[in-house]
file coords24.txt (compact mmCIF, C-alpha atoms and all ligand atoms)
# COMPACT_ATOMS: atom_id res chain seq x y z
CA MET N 1110 31.73 30.88 6.84
CA MET N 1111 31.52 34.19 4.98
CA ASN N 1112 35.04 35.07 6.14
CA GLY N 1113 36.41 31.99 4.48
CA GLU N 1114 37.53 30.48 7.80
CA GLU N 1115 36.02 27.16 6.77
CA GLY N 1116 37.51 27.12 3.30
CA VAL N 1117 36.68 28.33 -0.18
CA ALA N 1118 33.87 25.86 -0.92
CA VAL N 1119 32.02 26.73 2.28
CA ARG N 1120 32.44 30.46 1.62
CA LYS N 1121 31.07 30.15 -1.91
CA SER N 1122 28.18 27.98 -0.71
CA ILE N 1123 27.11 30.39 2.00
CA GLU N 1124 27.46 33.34 -0.39
CA LEU N 1125 25.07 31.62 -2.78
CA LEU N 1126 22.49 30.99 -0.05
CA VAL N 1127 22.76 34.52 1.35
CA ALA N 1128 22.38 36.02 -2.14
CA LEU N 1129 19.32 33.87 -2.77
CA GLY N 1130 17.86 34.85 0.59
CA SER N 1131 18.40 38.55 -0.22
CA VAL N 1132 16.59 38.21 -3.54
CA PHE N 1133 13.59 36.62 -1.83
CA GLY N 1134 13.60 38.93 1.18
CA ALA N 1135 14.55 36.27 3.74
CA GLU N 1136 15.24 37.64 7.22
CA LYS N 1137 17.59 34.89 8.24
CA LEU N 1138 19.11 31.51 7.55
CA VAL N 1139 17.75 28.43 9.31
CA PRO N 1140 19.31 25.03 9.97
CA VAL N 1141 18.18 22.28 7.60
CA GLU N 1142 18.18 18.62 8.59
CA SER N 1143 18.85 17.04 5.22
CA ALA N 1144 19.37 17.67 1.54
CA HIS N 1145 18.35 15.87 -1.63
CA ILE N 1146 20.53 16.94 -4.52
CA SER N 1147 19.53 17.05 -8.20
CA GLY N 1148 21.58 17.75 -11.32
CA VAL N 1149 23.35 14.39 -11.37
CA SER N 1150 23.01 13.15 -14.94
CA TYR N 1151 26.01 13.80 -17.14
CA LYS N 1152 23.44 14.46 -19.87
CA ASN N 1153 22.40 17.66 -18.06
CA LEU N 1154 25.70 18.57 -16.43
CA GLY N 1155 27.99 18.11 -19.42
CA GLU N 1156 31.66 18.88 -19.07
CA ALA N 1157 31.20 22.34 -17.52
CA GLY N 1158 28.87 21.09 -14.77
CA THR N 1159 31.12 18.13 -14.01
CA GLU N 1160 34.17 20.37 -13.70
CA TRP N 1161 32.24 22.68 -11.38
CA LEU N 1162 31.39 19.72 -9.11
CA GLU N 1163 34.99 18.53 -9.14
CA GLU N 1164 36.10 22.02 -8.18
CA GLN N 1165 33.70 22.00 -5.22
CA ALA N 1166 35.11 18.64 -4.13
CA THR N 1167 38.75 19.70 -4.42
CA THR N 1168 38.23 23.01 -2.62
CA GLY N 1169 36.96 21.30 0.51
CA ALA N 1170 33.19 20.94 0.12
CA LYS N 1171 31.94 18.32 2.63
CA CYS N 1172 28.38 17.54 3.65
CA ARG N 1173 27.58 18.37 7.25
CA ILE N 1174 24.03 16.98 7.06
CA ARG N 1175 22.54 13.91 5.40
CA ALA N 1176 22.45 14.33 1.63
CA THR N 1177 21.06 11.92 -0.96
CA LEU N 1178 21.33 12.03 -4.72
CA ASN N 1179 18.84 12.15 -7.60
CA PRO N 1180 19.07 9.79 -10.60
CA ALA N 1181 22.15 9.72 -12.78
CA GLY N 1182 22.17 9.14 -16.54
CA MET N 1183 22.74 5.39 -16.32
CA ASP N 1184 22.69 2.31 -14.15
CA MET N 1185 26.16 2.58 -12.66
CA ASP N 1186 26.77 -1.15 -13.15
CA LYS N 1187 24.59 -2.12 -16.11
CA TRP N 1188 25.24 0.88 -18.37
CA LYS N 1189 26.69 -1.24 -21.19
CA GLU N 1190 23.57 -3.41 -21.26
CA MET N 1191 21.49 -0.20 -21.45
CA GLY N 1192 23.43 0.88 -24.54
CA VAL N 1193 24.98 3.97 -22.92
CA PRO N 1194 28.09 5.17 -24.82
CA GLU N 1195 31.40 4.69 -23.00
CA GLU N 1196 32.33 8.37 -23.15
CA PHE N 1197 29.10 9.22 -21.33
CA ALA N 1198 29.78 6.52 -18.75
CA ILE N 1199 33.22 7.94 -18.01
CA GLY N 1200 31.73 11.41 -17.47
CA GLN N 1201 28.96 10.01 -15.26
CA ARG N 1202 31.48 8.12 -13.13
CA ARG N 1203 33.39 11.38 -12.55
CA VAL N 1204 30.17 13.06 -11.38
CA LEU N 1205 29.45 10.29 -8.88
CA ASP N 1206 33.06 10.30 -7.65
CA ALA N 1207 32.86 14.05 -7.00
CA PHE N 1208 29.60 13.73 -5.08
CA GLU N 1209 30.81 10.75 -3.07
CA SER N 1210 34.03 12.50 -2.10
CA MET N 1211 31.89 15.32 -0.68
CA GLY N 1212 30.01 12.80 1.48
CA VAL N 1213 26.80 12.62 -0.57
CA GLU N 1214 25.06 9.21 -0.46
CA PRO N 1215 25.02 7.85 -4.03
CA THR N 1216 21.36 6.84 -3.79
CA CYS N 1217 20.64 8.00 -7.36
CA THR N 1218 16.89 8.02 -6.94
CA CYS N 1219 14.11 10.58 -7.17
CA THR N 1220 12.20 8.74 -4.42
CA PRO N 1221 14.59 9.00 -1.46
CA TYR N 1222 11.48 8.94 0.74
CA LEU N 1223 10.99 5.26 -0.23
CA ILE N 1224 14.42 4.20 0.97
CA GLY N 1225 14.55 5.67 4.43
CA HIS N 1226 15.20 9.37 3.79
CA VAL N 1227 11.99 10.50 5.48
CA PRO N 1228 12.06 13.95 7.10
CA ARG N 1229 9.73 14.48 10.05
CA ARG N 1230 6.73 16.79 9.89
CA GLY N 1231 7.59 20.46 10.30
CA THR N 1232 11.35 20.05 9.84
CA GLN N 1233 13.27 22.27 7.45
CA VAL N 1234 15.08 20.45 4.64
CA ALA N 1235 16.68 21.48 1.34
CA TRP N 1236 15.39 19.22 -1.40
CA ALA N 1237 15.52 19.44 -5.15
CA GLU N 1238 13.75 17.26 -7.75
CA SER N 1239 10.22 18.44 -8.23
CA ASN N 1240 8.40 15.17 -7.40
CA ALA N 1241 10.46 14.73 -4.25
CA VAL N 1242 9.80 18.35 -3.26
CA CYS N 1243 6.05 17.88 -3.73
CA PHE N 1244 6.11 14.65 -1.73
CA VAL N 1245 8.18 15.96 1.16
CA ASN N 1246 6.12 19.16 1.46
CA SER N 1247 2.68 17.62 0.94
CA VAL N 1248 2.70 14.00 2.12
CA LEU N 1249 5.37 14.30 4.81
CA ALA N 1250 4.69 17.96 5.72
CA ALA N 1251 8.36 18.82 6.06
CA ARG N 1252 9.41 22.17 4.57
CA THR N 1253 11.45 22.98 1.52
CA ASN N 1254 11.43 25.28 -1.45
CA ARG N 1255 11.91 23.95 -4.98
CA GLU N 1256 15.67 23.95 -4.69
CA SER N 1257 18.24 23.45 -7.45
CA GLY N 1258 21.34 21.26 -7.67
CA PRO N 1259 23.74 24.05 -6.62
CA THR N 1260 21.54 25.32 -3.75
CA THR N 1261 20.96 21.84 -2.30
CA LEU N 1262 24.67 21.15 -2.42
CA ALA N 1263 25.30 24.53 -0.76
CA SER N 1264 22.83 23.65 2.00
CA ALA N 1265 24.42 20.22 2.44
CA VAL N 1266 27.82 21.86 2.82
CA THR N 1267 26.70 24.63 5.19
CA GLY N 1268 23.74 22.98 6.97
CA VAL N 1269 21.48 25.99 6.41
CA ALA N 1270 18.98 27.53 3.97
CA ALA N 1271 17.40 30.96 3.64
CA LEU N 1272 14.03 31.31 5.37
CA TYR N 1273 11.48 32.24 2.69
CA GLY N 1274 8.79 30.65 0.51
CA TYR N 1275 7.36 27.29 1.58
CA ARG N 1276 9.50 27.36 4.70
CA LEU N 1277 7.03 29.88 6.15
CA PRO N 1278 3.48 28.87 7.17
CA GLU N 1279 1.87 31.86 5.41
CA ASN N 1280 3.08 30.55 2.04
CA ARG N 1281 1.69 27.08 2.71
CA LYS N 1282 -1.93 28.24 2.73
CA PRO N 1283 -4.13 26.98 -0.12
CA ALA N 1284 -4.68 29.37 -3.04
CA LYS N 1285 -7.40 27.44 -4.97
CA ILE N 1286 -9.78 24.61 -4.23
CA ILE N 1287 -9.62 21.85 -6.82
CA GLN N 1288 -12.90 19.96 -6.89
CA VAL N 1289 -12.31 16.61 -8.55
CA GLU N 1290 -15.38 15.46 -10.50
CA ALA N 1291 -13.89 12.36 -12.05
CA ASP N 1292 -13.64 8.67 -11.28
CA LEU N 1293 -9.94 8.14 -10.87
CA ASN N 1294 -9.35 4.48 -11.59
CA SER N 1295 -5.62 4.23 -12.18
CA ARG N 1296 -2.37 5.93 -11.30
CA LEU N 1297 -2.40 7.27 -14.84
CA ASP N 1298 -5.63 9.10 -13.93
CA TYR N 1299 -4.02 10.60 -10.83
CA SER N 1300 -1.00 11.57 -12.87
CA GLY N 1301 -3.35 13.25 -15.37
CA LEU N 1302 -5.15 15.08 -12.58
CA GLY N 1303 -1.83 16.43 -11.34
CA TYR N 1304 -0.87 17.49 -14.85
CA VAL N 1305 -4.12 19.40 -15.41
CA THR N 1306 -3.82 21.01 -11.97
CA GLY N 1307 -0.29 22.21 -12.63
CA LYS N 1308 -1.33 23.69 -15.97
CA LEU N 1309 -4.21 25.58 -14.37
CA LEU N 1310 -2.49 26.75 -11.21
CA GLY N 1311 1.13 27.42 -12.13
CA SER N 1312 2.81 27.60 -8.75
CA ALA N 1313 -0.29 28.19 -6.57
CA VAL N 1314 -1.06 25.75 -3.72
CA PRO N 1315 -4.09 23.52 -4.48
CA TYR N 1316 -6.50 22.15 -1.90
CA PHE N 1317 -7.99 18.99 -3.43
CA ARG N 1318 -11.49 17.79 -2.68
CA GLY N 1319 -12.76 14.45 -4.00
CA LEU N 1320 -9.42 12.71 -4.47
CA GLY N 1321 -10.93 9.38 -3.42
CA ASP N 1322 -8.98 6.59 -1.84
CA LEU N 1323 -5.52 7.08 -3.30
CA ASP N 1324 -2.43 5.12 -2.36
CA MET N 1325 1.06 6.46 -1.78
CA GLU N 1326 2.06 5.58 -5.34
CA SER N 1327 -0.79 7.69 -6.73
CA MET N 1328 0.29 10.58 -4.52
CA LYS N 1329 3.83 10.38 -5.84
CA THR N 1330 2.81 10.32 -9.49
CA MET N 1331 0.19 13.06 -9.00
CA GLY N 1332 2.71 15.35 -7.28
CA ALA N 1333 5.28 14.68 -9.99
CA ALA N 1334 2.81 15.74 -12.68
CA CYS N 1335 1.67 18.83 -10.71
CA ALA N 1336 5.28 19.91 -10.61
CA THR N 1337 5.84 19.29 -14.33
CA SER N 1338 3.11 21.21 -16.15
CA GLY N 1339 3.28 23.85 -13.42
CA SER N 1340 5.72 24.50 -10.62
CA ILE N 1341 3.60 23.29 -7.74
CA ALA N 1342 5.69 22.45 -4.68
CA LEU N 1343 2.91 21.69 -2.20
CA TRP N 1344 -0.65 20.35 -2.34
CA HIS N 1345 -3.23 19.62 0.31
CA GLY N 1346 -5.70 16.73 0.02
CA GLU N 1347 -8.84 16.91 2.14
CA GLY N 1348 -8.75 14.13 4.72
CA ILE N 1349 -5.46 12.88 3.27
CA THR N 1350 -2.39 15.06 3.79
CA PRO N 1351 -1.11 16.02 7.26
CA GLU N 1352 -1.58 19.78 6.87
CA ALA N 1353 -5.02 19.59 5.17
CA GLU N 1354 -6.96 20.21 8.37
CA TRP N 1355 -4.88 23.31 9.09
CA ALA N 1356 -5.21 24.43 5.45
CA ALA N 1357 -9.02 24.06 5.63
CA GLY N 1358 -9.02 27.07 7.95
CA TYR N 1359 -8.01 29.29 5.00
CA LEU N 1360 -10.52 28.22 2.35
CA GLU N 1361 -13.06 30.97 2.79
CA GLY N 1362 -13.33 33.24 -0.23
CA ILE N 1363 -10.91 31.34 -2.46
CA GLU N 1364 -11.87 30.20 -5.94
CA THR N 1365 -13.01 26.63 -6.66
CA ILE N 1366 -11.97 25.02 -9.95
CA THR N 1367 -13.57 21.78 -11.10
CA ILE N 1368 -11.52 19.16 -12.94
CA THR N 1369 -13.31 16.40 -14.85
CA LYS N 1370 -12.26 13.25 -16.70
CA GLU N 1371 -12.69 15.20 -19.95
CA ASP N 1372 -10.02 17.68 -18.81
CA ILE N 1373 -7.65 14.80 -18.15
CA LYS N 1374 -8.41 13.20 -21.53
CA GLU N 1375 -7.77 16.48 -23.30
CA ALA N 1376 -4.43 16.98 -21.54
CA LYS N 1377 -3.45 13.48 -22.62
CA THR N 1378 -4.14 14.16 -26.30
CA LYS N 1379 -1.63 17.04 -26.20
CA ILE N 1380 1.17 14.64 -25.22
CA VAL N 1381 0.27 11.47 -27.06
CA SER N 1382 1.28 10.49 -30.58
CA ASP N 1383 1.57 7.01 -32.04
CA PRO N 1384 5.17 5.83 -32.04
CA ASP N 1385 6.28 2.73 -33.93
CA ASN N 1386 8.23 0.36 -31.80
CA PRO N 1387 8.47 2.39 -28.55
CA THR N 1388 10.31 1.32 -25.43
CA TYR N 1389 7.77 0.89 -22.64
CA CYS N 1390 8.77 2.38 -19.29
CA ILE N 1391 7.55 1.99 -15.74
CA GLY N 1392 9.04 3.94 -12.87
CA CYS N 1393 8.61 7.70 -13.22
CA PRO N 1394 8.93 8.51 -10.33
CA HIS N 1395 11.05 5.47 -9.41
CA CYS N 1396 9.01 2.36 -8.57
CA SER N 1397 8.11 1.44 -5.03
CA LEU N 1398 8.25 -2.19 -3.89
CA LYS N 1399 4.47 -2.39 -4.38
CA GLU N 1400 4.86 -1.28 -8.00
CA MET N 1401 7.61 -3.86 -8.49
CA GLU N 1402 5.27 -6.54 -7.15
CA GLU N 1403 2.43 -5.38 -9.40
CA THR N 1404 4.73 -5.36 -12.42
CA ALA N 1405 6.05 -8.84 -11.64
CA ASN N 1406 2.49 -10.15 -11.38
CA LEU N 1407 1.55 -8.54 -14.70
CA VAL N 1408 4.53 -9.84 -16.67
CA LYS N 1409 4.56 -13.41 -15.34
CA GLY N 1410 4.49 -15.82 -18.27
CA LYS N 1411 4.74 -13.05 -20.91
CA SER N 1412 7.44 -12.55 -23.52
CA LEU N 1413 8.59 -8.94 -23.43
CA ASP N 1414 11.69 -9.26 -25.57
CA GLY N 1415 13.51 -6.35 -23.87
CA LYS N 1416 10.75 -3.87 -24.67
CA LEU N 1417 9.68 -3.16 -21.08
CA TRP N 1418 12.09 -1.20 -18.89
CA VAL N 1419 11.50 -0.73 -15.17
CA PHE N 1420 13.31 1.98 -13.22
CA THR N 1421 13.78 1.98 -9.47
CA SER N 1422 16.19 2.81 -6.67
CA ARG N 1423 18.91 0.50 -5.42
CA GLY N 1424 17.14 0.25 -2.07
CA VAL N 1425 13.88 -0.97 -3.63
CA TYR N 1426 15.75 -3.14 -6.15
CA ASP N 1427 17.52 -5.01 -3.33
CA GLN N 1428 14.22 -5.72 -1.59
CA ALA N 1429 12.63 -6.77 -4.89
CA GLU N 1430 15.56 -9.05 -5.61
CA LYS N 1431 15.21 -10.75 -2.22
CA GLY N 1432 11.53 -11.29 -2.94
CA GLY N 1433 12.30 -12.88 -6.34
CA LEU N 1434 10.59 -10.05 -8.26
CA ILE N 1435 13.58 -9.04 -10.38
CA LYS N 1436 13.98 -12.60 -11.57
CA ILE N 1437 10.31 -12.79 -12.56
CA ILE N 1438 10.53 -9.55 -14.56
CA GLU N 1439 13.82 -10.50 -16.21
CA ASP N 1440 12.68 -14.06 -16.95
CA ALA N 1441 9.75 -12.52 -18.83
CA GLY N 1442 12.19 -10.47 -20.92
CA GLY N 1443 11.78 -7.19 -19.02
CA ARG N 1444 14.75 -5.12 -17.89
CA VAL N 1445 15.19 -3.52 -14.49
CA TYR N 1446 17.59 -0.63 -13.97
CA ARG N 1447 18.64 1.40 -10.95
CA ASP N 1448 20.26 4.83 -10.59
CA THR N 1449 18.62 6.32 -13.68
CA CYS N 1450 15.36 6.93 -15.50
CA MET N 1451 13.59 7.36 -18.83
CA VAL N 1452 14.23 11.12 -18.81
CA VAL N 1453 17.79 11.62 -17.61
CA ALA N 1454 19.41 8.74 -19.54
CA PRO N 1455 20.85 9.62 -22.99
CA LEU N 1456 17.99 7.94 -24.85
CA HIS N 1457 18.80 9.31 -28.31
CA GLU N 1458 22.36 8.00 -28.09
CA MET N 1459 20.92 4.69 -26.88
CA GLY N 1460 18.90 4.43 -30.08
CA TRP N 1461 15.40 4.77 -28.67
CA LYS N 1462 12.70 5.48 -31.25
CA GLY N 1463 9.66 6.23 -29.10
CA VAL N 1464 8.44 5.99 -25.52
CA GLY N 1465 5.45 4.42 -23.80
CA THR N 1466 4.86 5.45 -20.19
CA ASN N 1467 2.23 5.51 -17.46
CA SER N 1468 3.48 8.88 -16.18
CA PHE N 1469 2.39 12.30 -17.42
CA LYS N 1470 5.72 13.64 -16.18
CA GLY N 1471 7.60 11.04 -18.21
CA GLY N 1472 5.34 11.64 -21.20
CA HIS N 1473 5.79 15.41 -21.00
CA TYR N 1474 9.58 15.16 -21.05
CA SER N 1475 9.82 12.46 -23.68
CA THR N 1476 7.70 14.63 -25.99
CA ALA N 1477 9.83 17.66 -25.11
CA HIS N 1478 12.95 15.65 -25.96
CA GLY N 1479 11.59 14.87 -29.40
CA PHE N 1480 10.18 11.36 -28.90
CA GLU N 1481 6.79 10.18 -30.05
CA THR N 1482 5.03 9.13 -26.89
CA LYS N 1483 2.26 6.88 -25.61
CA LEU N 1484 0.53 7.38 -22.28
CA GLN N 1485 -1.10 4.22 -20.98
CA THR N 1486 -1.97 2.39 -17.80
CA VAL N 1487 0.65 -0.04 -16.61
CA GLU N 1488 -1.58 -2.95 -17.61
CA SER N 1489 -1.83 -1.76 -21.17
CA LEU N 1490 1.91 -0.95 -21.34
CA VAL N 1491 2.70 -4.53 -20.39
CA LYS N 1492 0.12 -5.89 -22.82
CA GLU N 1493 1.57 -3.92 -25.74
CA ALA N 1494 5.16 -4.67 -24.82
CA ALA N 1495 4.30 -8.37 -24.89
CA LYS N 1496 2.74 -8.29 -28.36
FE1 LIG N 1501 12.14 10.60 -11.34
FE2 LIG N 1501 13.19 10.69 -13.72
FE3 LIG N 1501 10.57 10.78 -13.43
S1 LIG N 1501 13.95 11.73 -11.95
S2 LIG N 1501 10.23 11.74 -11.46
S3 LIG N 1501 11.91 9.07 -12.89
S4 LIG N 1501 11.78 12.07 -14.75
call {"tool": "encode", "arguments": {"input": "coords24.txt", "output": "structure tokens", "more": "lines below"}}
Ligand code: F3S
result
Amino acid sequence: MMNGEEGVAVRKSIELLVALGSVFGAEKLVPVESAHISGVSYKNLGEAGTEWLEEQATTGAKCRIRATLNPAGMDMDKWKEMGVPEEFAIGQRRVLDAFESMGVEPTCTCTPYLIGHVPRRGTQVAWAESNAVCFVNSVLAARTNRESGPTTLASAVTGVAALYGYRLPENRKPAKIIQVEADLNSRLDYSGLGYVTGKLLGSAVPYFRGLGDLDMESMKTMGAACATSGSIALWHGEGITPEAEWAAGYLEGIETITITKEDIKEAKTKIVSDPDNPTYCIGCPHCSLKEMEETANLVKGKSLDGKLWVFTSRGVYDQAEKGGLIKIIEDAGGRVYRDTCMVVAPLHEMGWKGVGTNSFKGGHYSTAHGFETKLQTVESLVKEAAK
């Protein structure tokens, strides 16, 4: 590959991975079984990023392993209804065309693990998108670093990644014990716990005690928040995650930090303001089928007048449609979009004034992007949207 025998794109990809490995002191490259590629929204890529992708495609880049794609900046079919400008839509279409011509599956979701991209425990993968990284490392116990768009594409094209970081067992040991002293009653609470943890720990690996009985949806939102306020890529949950028992062998002598409900409340006040007329969003990370069902049950008989937006993957959308859930949400005046989300869509150009969300990750970014933001449970989002 380095000699260019497999073409320019492969040579450039392997050069990138070798350079990265050298920086981090990797001894070798290892095969990876799959890739999840970020950097898909035209909002983030712009013209320069799009041209770079097109160059990769035209110089022979082709995926040799399974590769899925993170959200784009719009629903690829319903972008007009979303209010996305045409110029943006043209750019976004070019991005998807480039990825598809390289053999990337146009899944456009940050929860590929909900639509059948589920790496086995202990396998090496190259995933980007911080919530997906946290989920694949922690809940599935596969191994990846926090990759970027270019490095995941390079791994997809070459089938390898440099062996360092979370790919090695020694870097998967817990660094701090997080003792949870709070009743966690909603996914918003779990999201808040993740957010506080990330702020306190930076990139260190937490070992949670006292997480309670959390469902998969709470794990996904907690991991997303951990990876937003900090750069956590892996967490262990006592009695919950697959590597927790192994991790428990390394707890002796490490510091314990207690997190209370007050800590979560305080973190919330730093994000929240009081927007007039916000758009209420569910689906950061993208909704699971269970969340679609819950939303449909909550909105039945309400009048949402286009104020509630639900984001999910095409895979989950199709299942929800078969089950009649999309119709229920849309009949109540809610909107359901695929391929995109409340952070990577061009919200300013779409005329949004403020954002309501049940996700600390979503709230963090909407504040960072200049929107006044509400953080609420899904029940209260629906209630307000229906006022
Ligand atoms: Fe996913 Fe967008 Fe949130 S990519 S985790 S829905 S910011």
call {"tool": "atom_distance", "arguments": {"input": "coords24.txt", "atom1": "CA of Met1111 in chain N", "atom2": "CA of Ile1123 in chain N"}}
result
6.5 Å
call {"tool": "residues_near_ligand", "arguments": {"input": "coords24.txt", "ligand": "ligand LIG 1501 (chain N)", "cutoff": "8 Å", "atoms": "only C-alpha atoms and all ligand atoms", "output": "list in words"}}
result
Asn1179, Pro1180, Thr1218, Cys1219, Thr1220, Glu1238, Ser1239, Asn1240, Ala1241, Thr1330, Ala1333, Gly1392, Cys1393, Pro1394, His1395, Phe1420, Thr1449, Cys1450, Met1451, Val1452, Val1453, Ser1468, Lys1470, Gly1471 and Tyr1474 of chain N
call {"tool": "closest_residue", "arguments": {"input": "coords24.txt", "among": "N:Ala1313, N:Val1248, N:Ile1380, N:Ala1144", "to": "Glu1481 in chain N", "atoms": "all atoms listed in the file"}}
result
N:Ile1380
call {"tool": "residues_around", "arguments": {"input": "coords24.txt", "residues": "Ile1224 in chain N", "least_positions_apart": "2", "cutoff": "8 Å", "atoms": "all atoms listed in the file", "output": "PyMOL selection string"}}
result
chain N and resi 1220-1222+1226+1422+1424-1425
call {"tool": "residues_near_point", "arguments": {"input": "coords24.txt", "point": "(25.1, 9.4, -17.1)", "cutoff": "7 Å", "atoms": "all atoms listed in the file", "output": "PyMOL selection string"}}
result
chain N and resi 1150-1152+1181-1183+1197-1198+1200-1201+1454
call {"tool": "residues_around", "arguments": {"input": "coords24.txt", "residues": "Ser1247 in chain N", "least_positions_apart": "3", "cutoff": "7 Å", "atoms": "all atoms listed in the file", "output": "list in words"}}
result
Cys1243, Phe1244, Ala1250, Leu1343, Trp1344, His1345 and Thr1350 of chain N
call {"tool": "residues_near_point", "arguments": {"input": "coords24.txt", "point": "(12.0, -8.5, -6.7)", "cutoff": "10 Å", "atoms": "all atoms listed in the file", "output": "ChimeraX atom specification"}}
result
/N:1398-1399,1401-1402,1404-1405,1425-1439,1445
call {"tool": "build_atoms", "arguments": {"input": "coords24.txt", "residues": "range 1409-1424 of chain N", "atoms": "N, CA and C atoms", "output": "JSON list (two decimals), in the frame of the given file"}}
result
[["chain", "number", "residue", "atom", "x", "y", "z"],
["N", 1409, "LYS", "N", 4.35, -11.96, -15.50],
["N", 1409, "LYS", "CA", 4.56, -13.41, -15.34],
["N", 1409, "LYS", "C", 4.05, -14.17, -16.58],
["N", 1410, "GLY", "N", 4.91, -14.97, -17.14],
["N", 1410, "GLY", "CA", 4.49, -15.82, -18.27],
["N", 1410, "GLY", "C", 4.44, -15.09, -19.61],
["N", 1411, "LYS", "N", 4.78, -13.79, -19.64],
["N", 1411, "LYS", "CA", 4.74, -13.05, -20.91],
["N", 1411, "LYS", "C", 6.13, -13.08, -21.57],
["N", 1412, "SER", "N", 6.16, -12.63, -22.82],
["N", 1412, "SER", "CA", 7.44, -12.55, -23.52],
["N", 1412, "SER", "C", 7.65, -11.11, -23.97],
["N", 1413, "LEU", "N", 8.48, -10.39, -23.22],
["N", 1413, "LEU", "CA", 8.59, -8.94, -23.43],
["N", 1413, "LEU", "C", 9.73, -8.56, -24.37],
["N", 1414, "ASP", "N", 10.63, -9.45, -24.58],
["N", 1414, "ASP", "CA", 11.69, -9.26, -25.57],
["N", 1414, "ASP", "C", 12.46, -7.94, -25.39],
["N", 1415, "GLY", "N", 12.72, -7.57, -24.16],
["N", 1415, "GLY", "CA", 13.51, -6.35, -23.87],
["N", 1415, "GLY", "C", 12.78, -5.04, -24.08],
["N", 1416, "LYS", "N", 11.47, -5.12, -24.34],
["N", 1416, "LYS", "CA", 10.75, -3.87, -24.67],
["N", 1416, "LYS", "C", 10.19, -3.14, -23.44],
["N", 1417, "LEU", "N", 10.18, -3.82, -22.30],
["N", 1417, "LEU", "CA", 9.68, -3.16, -21.08],
["N", 1417, "LEU", "C", 10.85, -2.88, -20.14],
["N", 1418, "TRP", "N", 11.01, -1.61, -19.79],
["N", 1418, "TRP", "CA", 12.09, -1.20, -18.89],
["N", 1418, "TRP", "C", 11.47, -0.67, -17.59],
["N", 1419, "VAL", "N", 12.00, -1.14, -16.48],
["N", 1419, "VAL", "CA", 11.50, -0.73, -15.17],
["N", 1419, "VAL", "C", 12.62, 0.01, -14.44],
["N", 1420, "PHE", "N", 12.29, 1.18, -13.90],
["N", 1420, "PHE", "CA", 13.31, 1.98, -13.22],
["N", 1420, "PHE", "C", 12.98, 2.09, -11.73],
["N", 1421, "THR", "N", 13.99, 1.87, -10.91],
["N", 1421, "THR", "CA", 13.78, 1.98, -9.47],
["N", 1421, "THR", "C", 15.08, 2.36, -8.77],
["N", 1422, "SER", "N", 15.00, 2.48, -7.46],
["N", 1422, "SER", "CA", 16.19, 2.81, -6.67],
["N", 1422, "SER", "C", 16.92, 1.53, -6.29],
["N", 1423, "ARG", "N", 18.16, 1.67, -5.89],
["N", 1423, "ARG", "CA", 18.91, 0.50, -5.42],
["N", 1423, "ARG", "C", 18.26, -0.11, -4.18],
["N", 1424, "GLY", "N", 17.76, 0.75, -3.30],
["N", 1424, "GLY", "CA", 17.14, 0.25, -2.07],
["N", 1424, "GLY", "C", 15.94, -0.64, -2.38]]
